[in-house]
Amino acid sequence: MSEQRVHTTSVPGRGGLDLRADCANCFGLCCVALAFTASADFAIDKDAGQPCPNLQDDFRCGVHQRLRPQGFQGCTVYDCFGAGQRISQVTYAGQDWRQAPDTARQMFALLPVVRQLHELLWYLNEALELGPARALHGDLRTALATVERLSQGSPDELLALDVAAHRQDVNALLLRTSELVRAGVTGDGKGQRGQRAGKGKKGRRTKDRRGADLIGAKLQGADLHGADLRGAYLIGADLRGADLRVADLIGADFRDADLSGADLTGSFFLTQSQLNAAKGDAGTRLPPALTRPSHW
């Protein structure tokens, strides 16, 4: 479903874990399990559990090369972080829901659970690559091992998980990671906490934009070096030529944001689906683990 169809399970810099969508080894789970609402993102309404009419017998998408012009832009920005093939090939050992329809409802219910766990694995692996967070690497490895173990559970064990609680625990650790990484940029040694307490220079405080409403904001050429943009709403924002180096971008909404010429070098907790939702060009500088979207 994702615009970036990756047919290798190894993720560079992510410990070789299977954290990118490998649609060739999935039973089209996202094309069935998820609901669509006719909108700018989807051309049709589709109930959860109902196969998309574009899903073929071999579980491939019949309009994959034409998703955007066909009105399925929402499909191009969805990323299961490898949950689809994990459920298909590991949890259910290659038995698909068409051959065993009694497994279908449970298999579809597992997709959002395993996806969230794989997303946490992505962030934890990335955090372990961040040198300034070295003091937290022990805690990060422990959290990584815990989430990986949970993701290997049986269907019943996975459905019984309190995923929100695990996300909360990991998020606390990722917040501490972010503070350490960005402290070297803000220069006050206190990272996010110092900014929230109103300490440091005014310029540093303005870079605390966590959860900020920046929809349609005019940020061309903005200095957002080391900014906290966690969960910021940047829908349709003009970020052309903006400096987003070493910015925390976890959960930032970049739908239709213009990143042309922007520098995202060293930005962290940015995912491929966030980039796929944005606009950009050949001058946009990206972190090495991510790929320039084909529609840029």
# chains A, B, ... in the order shown; residues from 1 in each chain; ligands from 1

call {"tool": "residues_around", "arguments": {"residues": "A:Phe268", "least_positions_apart": "6", "cutoff": "8 Å", "atoms": "only C-alpha atoms", "output": "number ranges by chain"}}
result
A: 126, 246-250, 287

call {"tool": "residues_around", "arguments": {"residues": "A:Thr177", "least_positions_apart": "6", "cutoff": "9 Å", "atoms": "only C-alpha atoms", "output": "list of chain:residue names"}}
result
A:Ala127, A:Leu130, A:Pro132, A:Ala133, A:Arg134, A:Leu136

call {"tool": "atom_distance", "arguments": {"atom1": "atom CA of A:Leu219", "atom2": "atom CA of A:Asp281"}}
result
16.7 Å

call {"tool": "atom_distance", "arguments": {"atom1": "atom CA of A:Ala104", "atom2": "atom CA of A:Cys26"}}
result
13.4 Å

call {"tool": "select_by_dssp", "arguments": {"residues": "stretch 114-166 of chain A", "states": "alpha helix (DSSP H)", "output": "PyMOL selection string"}}
result
chain A and resi 114-127+137-151+155-159+163-166

call {"tool": "closest_residue", "arguments": {"among": "A:Ala145, A:Leu173, A:Leu55, A:Leu29", "to": "A:Leu110", "atoms": "only C-alpha atoms"}}
result
A:Leu29

call {"tool": "closest_residue", "arguments": {"among": "A:Thr271, A:Thr37, A:Ser88, A:Gln106", "to": "A:Phe59", "atoms": "only C-alpha atoms"}}
result
A:Ser88

call {"tool": "closest_residue", "arguments": {"among": "A:Asn171, A:Lys218, A:Asp162, A:Gly153", "to": "A:Leu140", "atoms": "only C-alpha atoms"}}
result
A:Asn171

call {"tool": "closest_residue", "arguments": {"among": "A:Leu174, A:Phe108, A:Tyr78, A:Ala21", "to": "A:Gln50", "atoms": "only C-alpha atoms"}}
result
A:Phe108

call {"tool": "closest_residue", "arguments": {"among": "A:Ser273, A:Thr76, A:Gln89, A:Gln95", "to": "A:Gln152", "atoms": "only C-alpha atoms"}}
result
A:Gln89

call {"tool": "residues_around", "arguments": {"residues": "A:Arg255", "least_positions_apart": "6", "cutoff": "7 Å", "atoms": "only C-alpha atoms", "output": "MDAnalysis selection string"}}
result
chainID A and resid 235:236 277:278

call {"tool": "decode", "arguments": {"residues": "stretch 123-137 of chain A", "atoms": "all heavy atoms", "output": "mmCIF file, in the first residue's frame"}}
result
data_model
loop_
_atom_site.group_PDB
_atom_site.id
_atom_site.type_symbol
_atom_site.label_atom_id
_atom_site.label_comp_id
_atom_site.auth_asym_id
_atom_site.auth_seq_id
_atom_site.Cartn_x
_atom_site.Cartn_y
_atom_site.Cartn_z
ATOM 1 N N TYR A 123 11.647 3.447 15.838
ATOM 2 C CA TYR A 123 12.148 4.588 16.599
ATOM 3 C C TYR A 123 13.260 4.175 17.564
ATOM 4 O O TYR A 123 14.252 4.896 17.730
ATOM 5 C CB TYR A 123 11.007 5.242 17.380
ATOM 6 C CG TYR A 123 9.988 5.950 16.526
ATOM 7 C CD1 TYR A 123 8.622 5.834 16.798
ATOM 8 C CD2 TYR A 123 10.358 6.742 15.449
ATOM 9 C CE1 TYR A 123 7.675 6.482 16.018
ATOM 10 C CE2 TYR A 123 9.424 7.389 14.664
ATOM 11 C CZ TYR A 123 8.082 7.254 14.959
ATOM 12 O OH TYR A 123 7.143 7.898 14.186
ATOM 13 N N LEU A 124 13.106 3.041 18.223
ATOM 14 C CA LEU A 124 14.115 2.594 19.181
ATOM 15 C C LEU A 124 15.426 2.274 18.481
ATOM 16 O O LEU A 124 16.509 2.611 18.980
ATOM 17 C CB LEU A 124 13.608 1.377 19.951
ATOM 18 C CG LEU A 124 12.523 1.661 20.988
ATOM 19 C CD1 LEU A 124 11.862 0.367 21.456
ATOM 20 C CD2 LEU A 124 13.111 2.422 22.182
ATOM 21 N N ASN A 125 15.353 1.635 17.323
ATOM 22 C CA ASN A 125 16.565 1.356 16.570
ATOM 23 C C ASN A 125 17.232 2.640 16.116
ATOM 24 O O ASN A 125 18.461 2.761 16.158
ATOM 25 C CB ASN A 125 16.250 0.465 15.373
ATOM 26 C CG ASN A 125 16.282 -1.007 15.718
ATOM 27 O OD1 ASN A 125 17.344 -1.615 15.772
ATOM 28 N ND2 ASN A 125 15.122 -1.579 15.981
ATOM 29 N N GLU A 126 16.428 3.602 15.692
ATOM 30 C CA GLU A 126 17.016 4.881 15.281
ATOM 31 C C GLU A 126 17.664 5.576 16.471
ATOM 32 O O GLU A 126 18.757 6.146 16.350
ATOM 33 C CB GLU A 126 15.958 5.794 14.664
ATOM 34 C CG GLU A 126 16.541 7.120 14.198
ATOM 35 C CD GLU A 126 15.549 8.002 13.464
ATOM 36 O OE1 GLU A 126 14.394 7.577 13.287
ATOM 37 O OE2 GLU A 126 15.941 9.108 13.056
ATOM 38 N N ALA A 127 17.008 5.538 17.620
ATOM 39 C CA ALA A 127 17.568 6.179 18.816
ATOM 40 C C ALA A 127 18.933 5.599 19.161
ATOM 41 O O ALA A 127 19.830 6.317 19.635
ATOM 42 C CB ALA A 127 16.605 6.018 19.989
ATOM 43 N N LEU A 128 19.121 4.303 18.922
ATOM 44 C CA LEU A 128 20.400 3.653 19.214
ATOM 45 C C LEU A 128 21.499 4.087 18.249
ATOM 46 O O LEU A 128 22.678 3.840 18.512
ATOM 47 C CB LEU A 128 20.238 2.133 19.169
ATOM 48 C CG LEU A 128 19.566 1.511 20.393
ATOM 49 C CD1 LEU A 128 19.138 0.080 20.119
ATOM 50 C CD2 LEU A 128 20.516 1.576 21.593
ATOM 51 N N GLU A 129 21.136 4.729 17.158
ATOM 52 C CA GLU A 129 22.123 5.235 16.210
ATOM 53 C C GLU A 129 22.557 6.655 16.542
ATOM 54 O O GLU A 129 23.488 7.187 15.917
ATOM 55 C CB GLU A 129 21.539 5.216 14.797
ATOM 56 C CG GLU A 129 21.154 3.838 14.294
ATOM 57 C CD GLU A 129 20.342 3.913 13.016
ATOM 58 O OE1 GLU A 129 20.298 4.996 12.408
ATOM 59 O OE2 GLU A 129 19.753 2.903 12.633
ATOM 60 N N LEU A 130 21.907 7.288 17.501
ATOM 61 C CA LEU A 130 22.171 8.693 17.820
ATOM 62 C C LEU A 130 23.251 8.793 18.890
ATOM 63 O O LEU A 130 23.011 8.482 20.061
ATOM 64 C CB LEU A 130 20.880 9.371 18.271
ATOM 65 C CG LEU A 130 19.730 9.340 17.243
ATOM 66 C CD1 LEU A 130 18.445 9.891 17.849
ATOM 67 C CD2 LEU A 130 20.117 10.140 15.999
ATOM 68 N N GLY A 131 24.419 9.231 18.488
ATOM 69 C CA GLY A 131 25.559 9.304 19.395
ATOM 70 C C GLY A 131 25.326 10.110 20.663
ATOM 71 O O GLY A 131 25.704 9.676 21.759
ATOM 72 N N PRO A 132 24.705 11.297 20.583
ATOM 73 C CA PRO A 132 24.497 12.093 21.787
ATOM 74 C C PRO A 132 23.620 11.413 22.835
ATOM 75 O O PRO A 132 23.601 11.840 23.995
ATOM 76 C CB PRO A 132 23.809 13.357 21.250
ATOM 77 C CG PRO A 132 24.263 13.450 19.828
ATOM 78 C CD PRO A 132 24.338 12.043 19.351
ATOM 79 N N ALA A 133 22.879 10.366 22.436
ATOM 80 C CA ALA A 133 22.001 9.653 23.377
ATOM 81 C C ALA A 133 22.681 8.412 23.935
ATOM 82 O O ALA A 133 22.020 7.531 24.488
ATOM 83 C CB ALA A 133 20.693 9.266 22.685
ATOM 84 N N ARG A 134 24.008 8.346 23.829
ATOM 85 C CA ARG A 134 24.741 7.146 24.239
ATOM 86 C C ARG A 134 24.446 6.750 25.687
ATOM 87 O O ARG A 134 24.404 5.568 26.021
ATOM 88 C CB ARG A 134 26.241 7.372 24.052
ATOM 89 C CG ARG A 134 27.089 6.105 24.164
ATOM 90 C CD ARG A 134 28.510 6.356 23.721
ATOM 91 N NE ARG A 134 28.580 6.624 22.291
ATOM 92 C CZ ARG A 134 28.814 7.826 21.749
ATOM 93 N NH1 ARG A 134 28.997 8.875 22.542
ATOM 94 N NH2 ARG A 134 28.864 7.992 20.447
ATOM 95 N N ALA A 135 24.230 7.720 26.551
ATOM 96 C CA ALA A 135 23.965 7.422 27.960
ATOM 97 C C ALA A 135 22.679 6.627 28.149
ATOM 98 O O ALA A 135 22.502 5.977 29.189
ATOM 99 C CB ALA A 135 23.899 8.724 28.765
ATOM 100 N N LEU A 136 21.805 6.666 27.165
ATOM 101 C CA LEU A 136 20.522 5.963 27.259
ATOM 102 C C LEU A 136 20.509 4.650 26.488
ATOM 103 O O LEU A 136 19.490 3.963 26.461
ATOM 104 C CB LEU A 136 19.394 6.859 26.726
ATOM 105 C CG LEU A 136 19.066 8.111 27.528
ATOM 106 C CD1 LEU A 136 18.003 8.931 26.802
ATOM 107 C CD2 LEU A 136 18.581 7.751 28.921
ATOM 108 N N HIS A 137 21.622 4.305 25.862
ATOM 109 C CA HIS A 137 21.621 3.130 24.997
ATOM 110 C C HIS A 137 21.265 1.845 25.741
ATOM 111 O O HIS A 137 20.620 0.960 25.178
ATOM 112 C CB HIS A 137 22.968 2.995 24.290
ATOM 113 C CG HIS A 137 23.109 3.919 23.125
ATOM 114 N ND1 HIS A 137 24.151 3.850 22.221
ATOM 115 C CD2 HIS A 137 22.317 4.949 22.695
ATOM 116 C CE1 HIS A 137 24.000 4.795 21.306
ATOM 117 N NE2 HIS A 137 22.904 5.475 21.571
#
